[in-house]
Amino acid sequence: MRDSLGIGVAVGAAGLAFGTAAVAAGLSPAQSVFLSLFMFTGASQFALVGVIAGGGNLVAGALGALLLGARNTLYGLRLADILGYRGTRRALAAHGVIDETTAVTLIQPDRESARTAFVTTYAVLGTFWVATTLVGALATDRVDDVDAFGLDAVGPAIFLGLLWPRLREGGPRTWLIAALGAGLALAATPFLPPGVPVLLAASAALLSFAGADHEPRGARDRPGPGSPAAGPGGRGARS
């Protein structure tokens with residue numbers, strides 16, 4: 001309960017950044033809150049508003065968001081066995097499967113503790129995420145010239161903050177993938193609509209499958225930011 005409350009409050013506060021970024025991208029406060037309430041996955045939300053802010057269409061933004069959110073499906077496969085929910089409860093729990101709820105659930109010793117950790121983190125983080133999104137959106141909506149604050153840089157700055165620890169701790173393969181992805185995105189930006197270069201850059205991750213069996217086991221097993229084993233902070237998030 002203590003860990004879940006701490007994670008929920010701390011990570012939920014990041015909704016302020018999403019609220020400001022969403023309004024700066026042209027969304028209304030109501031649209032911003034709707035995304036936080038129903039989409040509820042920070043990194044995907046930032047990806048969507050980032051494409052919109054760049055003038056991209058909704059299809060490209062949605063594809064990027066789905067790409068980032070796909071990891072939650074893999075989390076769900078594991079949590080389904082641990083939590084053991086059925087029927088309506090299982091459907092409701094699926095909405096709360098994100099980095100933070102997965103992290104606190106997987107480290108619990110039994111099903112009862114896992115359920116308590118999952119529900120508490122989901123409830124507290126979800127409440128704070130939506131509330132702080134509203135505060136950030138309303139505050140930004142009342143500023144006459146949003147561009148003067150450079151809020152369009154909020155989303156990219158958060159992604160860089162999430163990415164940097166992985167780059168710092170990763171080996172040559174990680175740097176190669178990052179450099180290739182960045183190169184593809186920069187090269188495609190002048191020719192493709194906003195959002196599409198990011199999707200194209202994701203193909204660089206295919207290099208991670210090349211020669212994976214030859215990696216030192218310690219380096220491969222070391223958790224990175226955003227992974228369940230790494231604990232809270234993968235949300236970015238929102239998602």
# chains A, B, ... in the order shown; residues from 1 in each chain; ligands from 1
>>> residues_around(residues="A:Gly181", least_positions_apart="2", cutoff="8 Å", atoms="only C-alpha atoms", output="mmCIF file with N, CA and C atoms, in the first residue's frame")
data_model
loop_
_atom_site.group_PDB
_atom_site.id
_atom_site.type_symbol
_atom_site.label_atom_id
_atom_site.label_comp_id
_atom_site.auth_asym_id
_atom_site.auth_seq_id
_atom_site.Cartn_x
_atom_site.Cartn_y
_atom_site.Cartn_z
ATOM 1 N N ILE A 177 21.527 1.288 -32.446
ATOM 2 C CA ILE A 177 20.092 1.333 -32.716
ATOM 3 C C ILE A 177 19.559 2.755 -32.570
ATOM 4 N N ALA A 178 19.992 3.437 -31.511
ATOM 5 C CA ALA A 178 19.540 4.813 -31.293
ATOM 6 C C ALA A 178 19.990 5.732 -32.427
ATOM 7 N N ALA A 179 21.227 5.589 -32.840
ATOM 8 C CA ALA A 179 21.757 6.440 -33.912
ATOM 9 C C ALA A 179 21.044 6.161 -35.235
ATOM 10 N N GLY A 183 18.756 8.772 -37.209
ATOM 11 C CA GLY A 183 19.122 9.089 -38.590
ATOM 12 C C GLY A 183 17.969 8.887 -39.557
ATOM 13 N N LEU A 184 17.223 7.787 -39.380
ATOM 14 C CA LEU A 184 16.069 7.528 -40.236
ATOM 15 C C LEU A 184 15.007 8.611 -40.073
ATOM 16 N N ALA A 185 14.764 9.008 -38.820
ATOM 17 C CA ALA A 185 13.749 10.027 -38.573
ATOM 18 C C ALA A 185 14.147 11.367 -39.188
ATOM 19 N N ALA A 201 11.414 5.152 -38.004
ATOM 20 C CA ALA A 201 12.595 5.015 -37.148
ATOM 21 C C ALA A 201 12.493 3.802 -36.234
ATOM 22 N N ALA A 202 11.277 3.386 -35.912
ATOM 23 C CA ALA A 202 11.098 2.236 -35.024
ATOM 24 C C ALA A 202 11.644 0.954 -35.644
ATOM 25 N N SER A 203 11.790 0.940 -36.965
ATOM 26 C CA SER A 203 12.320 -0.259 -37.622
ATOM 27 C C SER A 203 13.772 -0.527 -37.226
ATOM 28 N N ALA A 204 14.455 0.489 -36.710
ATOM 29 C CA ALA A 204 15.833 0.302 -36.263
ATOM 30 C C ALA A 204 15.924 -0.704 -35.119
ATOM 31 N N ALA A 205 14.813 -0.871 -34.387
ATOM 32 C CA ALA A 205 14.806 -1.809 -33.260
ATOM 33 C C ALA A 205 14.977 -3.249 -33.701
#
>>> atom_distance(atom1="atom CA of A:Pro193", atom2="atom CA of A:Thr41")
24.1 Å
>>> closest_residue(among="A:Ser113, A:Thr88, A:Asn72, A:Ser4", to="A:Met39", atoms="only C-alpha atoms")
A:Asn72
>>> atom_distance(atom1="atom CA of A:Ala60", atom2="atom CA of A:Gln31")
18.1 Å
>>> select_by_dssp(residues="stretch 35-113 of chain A", states="alpha helix (DSSP H)", output="PyMOL selection string")
chain A and resi 42-53+58-83+87-95+99-106+111-113
>>> residues_around(residues="stretch 124-127 of chain A", least_positions_apart="4", cutoff="8 Å", atoms="only C-alpha atoms", output="count of residues only")
11
>>> atom_distance(atom1="atom CA of A:Ser44", atom2="atom CA of A:Glu100")
14.6 Å
>>> residues_around(residues="stretch 22-30 of chain A", least_positions_apart="4", cutoff="9 Å", atoms="only C-alpha atoms", output="PyMOL selection string")
chain A and resi 17-18+34-35+45-46+49-55+133-138+140-141+146-147+150-152
>>> write_last_selection(atoms="N, CA, C and O atoms", output="compact mmCIF listing (two decimals), in the first residue's frame")
# COMPACT_ATOMS: atom_id res chain seq x y z
N ALA A 17 2.48 17.87 -17.05
CA ALA A 17 3.24 18.05 -18.29
C ALA A 17 2.39 17.66 -19.49
O ALA A 17 2.43 18.32 -20.54
N PHE A 18 1.61 16.57 -19.34
CA PHE A 18 0.78 16.18 -20.48
C PHE A 18 -0.31 17.21 -20.74
O PHE A 18 -0.60 17.53 -21.90
N PHE A 34 -9.98 13.72 -21.57
CA PHE A 34 -10.53 12.50 -22.16
C PHE A 34 -9.43 11.50 -22.48
O PHE A 34 -9.57 10.30 -22.20
N LEU A 35 -8.33 11.97 -23.05
CA LEU A 35 -7.21 11.08 -23.36
C LEU A 35 -6.63 10.45 -22.10
O LEU A 35 -6.34 9.26 -22.05
N GLN A 45 0.22 8.79 -25.05
CA GLN A 45 -0.46 10.08 -25.09
C GLN A 45 0.48 11.18 -25.58
O GLN A 45 0.11 12.02 -26.40
N PHE A 46 1.70 11.18 -25.07
CA PHE A 46 2.67 12.17 -25.51
C PHE A 46 3.01 12.00 -26.98
O PHE A 46 3.22 12.98 -27.71
N VAL A 49 0.02 13.54 -29.07
CA VAL A 49 -0.03 15.00 -29.12
C VAL A 49 1.22 15.56 -29.80
O VAL A 49 1.19 16.65 -30.38
N GLY A 50 2.33 14.82 -29.74
CA GLY A 50 3.54 15.27 -30.43
C GLY A 50 3.35 15.31 -31.93
O GLY A 50 3.79 16.24 -32.61
N VAL A 51 2.67 14.30 -32.47
CA VAL A 51 2.39 14.26 -33.91
C VAL A 51 1.42 15.38 -34.28
O VAL A 51 1.59 16.06 -35.29
N ILE A 52 0.40 15.57 -33.44
CA ILE A 52 -0.57 16.63 -33.71
C ILE A 52 0.10 18.00 -33.67
O ILE A 52 -0.16 18.87 -34.51
N ALA A 53 0.99 18.19 -32.70
CA ALA A 53 1.69 19.47 -32.59
C ALA A 53 2.55 19.74 -33.81
O ALA A 53 2.74 20.90 -34.21
N GLY A 54 3.07 18.68 -34.43
CA GLY A 54 3.90 18.85 -35.61
C GLY A 54 3.11 18.99 -36.89
O GLY A 54 3.70 19.07 -37.98
N GLY A 55 1.78 18.98 -36.79
CA GLY A 55 0.94 19.14 -37.97
C GLY A 55 0.57 17.83 -38.63
O GLY A 55 0.03 17.82 -39.74
N THR A 133 -3.71 16.38 -15.18
CA THR A 133 -3.90 16.73 -16.59
C THR A 133 -4.86 17.90 -16.71
O THR A 133 -4.63 18.85 -17.48
N LEU A 134 -5.94 17.85 -15.96
CA LEU A 134 -6.92 18.93 -15.98
C LEU A 134 -6.30 20.24 -15.51
O LEU A 134 -6.50 21.30 -16.13
N VAL A 135 -5.53 20.19 -14.42
CA VAL A 135 -4.89 21.40 -13.91
C VAL A 135 -3.93 21.99 -14.94
O VAL A 135 -3.95 23.19 -15.22
N GLY A 136 -3.08 21.15 -15.53
CA GLY A 136 -2.14 21.63 -16.53
C GLY A 136 -2.83 22.18 -17.76
O GLY A 136 -2.42 23.21 -18.31
N ALA A 137 -3.90 21.51 -18.19
CA ALA A 137 -4.63 21.96 -19.38
C ALA A 137 -5.33 23.29 -19.15
O ALA A 137 -5.28 24.19 -20.00
N LEU A 138 -5.99 23.42 -18.00
CA LEU A 138 -6.70 24.66 -17.71
C LEU A 138 -5.74 25.83 -17.54
O LEU A 138 -6.01 26.95 -17.99
N THR A 140 -2.78 26.20 -18.89
CA THR A 140 -2.22 26.56 -20.19
C THR A 140 -3.27 27.21 -21.08
O THR A 140 -2.98 28.12 -21.86
N ASP A 141 -4.52 26.77 -20.96
CA ASP A 141 -5.60 27.31 -21.78
C ASP A 141 -5.87 28.77 -21.46
O ASP A 141 -6.44 29.50 -22.28
N VAL A 146 0.58 30.73 -25.88
CA VAL A 146 1.19 29.50 -25.39
C VAL A 146 2.57 29.29 -25.98
O VAL A 146 3.49 28.80 -25.32
N ASP A 147 2.76 29.65 -27.24
CA ASP A 147 4.03 29.42 -27.93
C ASP A 147 5.19 30.14 -27.24
O ASP A 147 6.34 29.71 -27.35
N GLY A 150 7.26 27.95 -25.00
CA GLY A 150 7.97 26.80 -25.56
C GLY A 150 7.45 25.47 -25.06
O GLY A 150 8.21 24.50 -24.95
N LEU A 151 6.15 25.39 -24.79
CA LEU A 151 5.59 24.15 -24.24
C LEU A 151 5.57 23.01 -25.25
O LEU A 151 5.37 21.86 -24.87
N ASP A 152 5.80 23.33 -26.52
CA ASP A 152 5.85 22.26 -27.51
C ASP A 152 7.06 21.36 -27.30
O ASP A 152 7.14 20.27 -27.87
>>> residues_around(residues="A:Phe118", least_positions_apart="4", cutoff="9 Å", atoms="only C-alpha atoms", output="VMD selection string")
chain A and resid 4 83 93 96 to 97 100 to 102 104 to 105 113 to 114 122 to 123
>>> write_last_selection(atoms="N, CA and C atoms", output="PDB file, in the first residue's frame")
ATOM      1  N   SER A   4       2.559   1.629  -3.406  1.00  0.00           N
ATOM      2  CA  SER A   4       1.579   1.979  -4.428  1.00  0.00           C
ATOM      3  C   SER A   4       1.146   3.430  -4.312  1.00  0.00           C
ATOM      4  N   LEU A  83      -3.169 -12.112 -11.342  1.00  0.00           N
ATOM      5  CA  LEU A  83      -4.333 -11.519 -10.676  1.00  0.00           C
ATOM      6  C   LEU A  83      -5.526 -12.468 -10.655  1.00  0.00           C
ATOM      7  N   ALA A  93      -9.723  -4.334 -15.181  1.00  0.00           N
ATOM      8  CA  ALA A  93      -8.303  -4.385 -14.840  1.00  0.00           C
ATOM      9  C   ALA A  93      -7.431  -4.168 -16.068  1.00  0.00           C
ATOM     10  N   GLY A  96      -6.098  -0.785 -16.634  1.00  0.00           N
ATOM     11  CA  GLY A  96      -5.065  -0.312 -15.716  1.00  0.00           C
ATOM     12  C   GLY A  96      -3.719  -0.975 -15.878  1.00  0.00           C
ATOM     13  N   VAL A  97      -3.537  -1.768 -16.921  1.00  0.00           N
ATOM     14  CA  VAL A  97      -2.253  -2.451 -17.140  1.00  0.00           C
ATOM     15  C   VAL A  97      -1.277  -1.487 -17.806  1.00  0.00           C
ATOM     16  N   GLU A 100       3.695   1.044 -14.353  1.00  0.00           N
ATOM     17  CA  GLU A 100       3.763   1.137 -12.886  1.00  0.00           C
ATOM     18  C   GLU A 100       2.958   0.047 -12.193  1.00  0.00           C
ATOM     19  N   THR A 101       1.729  -0.200 -12.666  1.00  0.00           N
ATOM     20  CA  THR A 101       0.926  -1.243 -12.028  1.00  0.00           C
ATOM     21  C   THR A 101       1.566  -2.620 -12.221  1.00  0.00           C
ATOM     22  N   THR A 102       2.186  -2.826 -13.368  1.00  0.00           N
ATOM     23  CA  THR A 102       2.870  -4.097 -13.609  1.00  0.00           C
ATOM     24  C   THR A 102       4.069  -4.257 -12.688  1.00  0.00           C
ATOM     25  N   VAL A 104       4.714  -2.964  -9.654  1.00  0.00           N
ATOM     26  CA  VAL A 104       4.410  -3.243  -8.250  1.00  0.00           C
ATOM     27  C   VAL A 104       3.714  -4.596  -8.080  1.00  0.00           C
ATOM     28  N   THR A 105       3.012  -5.045  -9.101  1.00  0.00           N
ATOM     29  CA  THR A 105       2.301  -6.321  -8.994  1.00  0.00           C
ATOM     30  C   THR A 105       3.255  -7.511  -9.072  1.00  0.00           C
ATOM     31  N   SER A 113      -1.719 -10.071  -2.194  1.00  0.00           N
ATOM     32  CA  SER A 113      -0.865  -8.883  -2.180  1.00  0.00           C
ATOM     33  C   SER A 113      -0.768  -8.273  -3.572  1.00  0.00           C
ATOM     34  N   ALA A 114      -0.717  -9.118  -4.588  1.00  0.00           N
ATOM     35  CA  ALA A 114      -0.628  -8.622  -5.964  1.00  0.00           C
ATOM     36  C   ALA A 114      -1.872  -7.830  -6.329  1.00  0.00           C
ATOM     37  N   TYR A 122      -3.336   1.490  -9.448  1.00  0.00           N
ATOM     38  CA  TYR A 122      -4.252   1.874 -10.532  1.00  0.00           C
ATOM     39  C   TYR A 122      -5.156   3.022 -10.094  1.00  0.00           C
ATOM     40  N   ALA A 123      -5.758   2.896  -8.923  1.00  0.00           N
ATOM     41  CA  ALA A 123      -6.702   3.900  -8.456  1.00  0.00           C
ATOM     42  C   ALA A 123      -6.023   5.235  -8.159  1.00  0.00           C
TER      43      ALA A 123
END
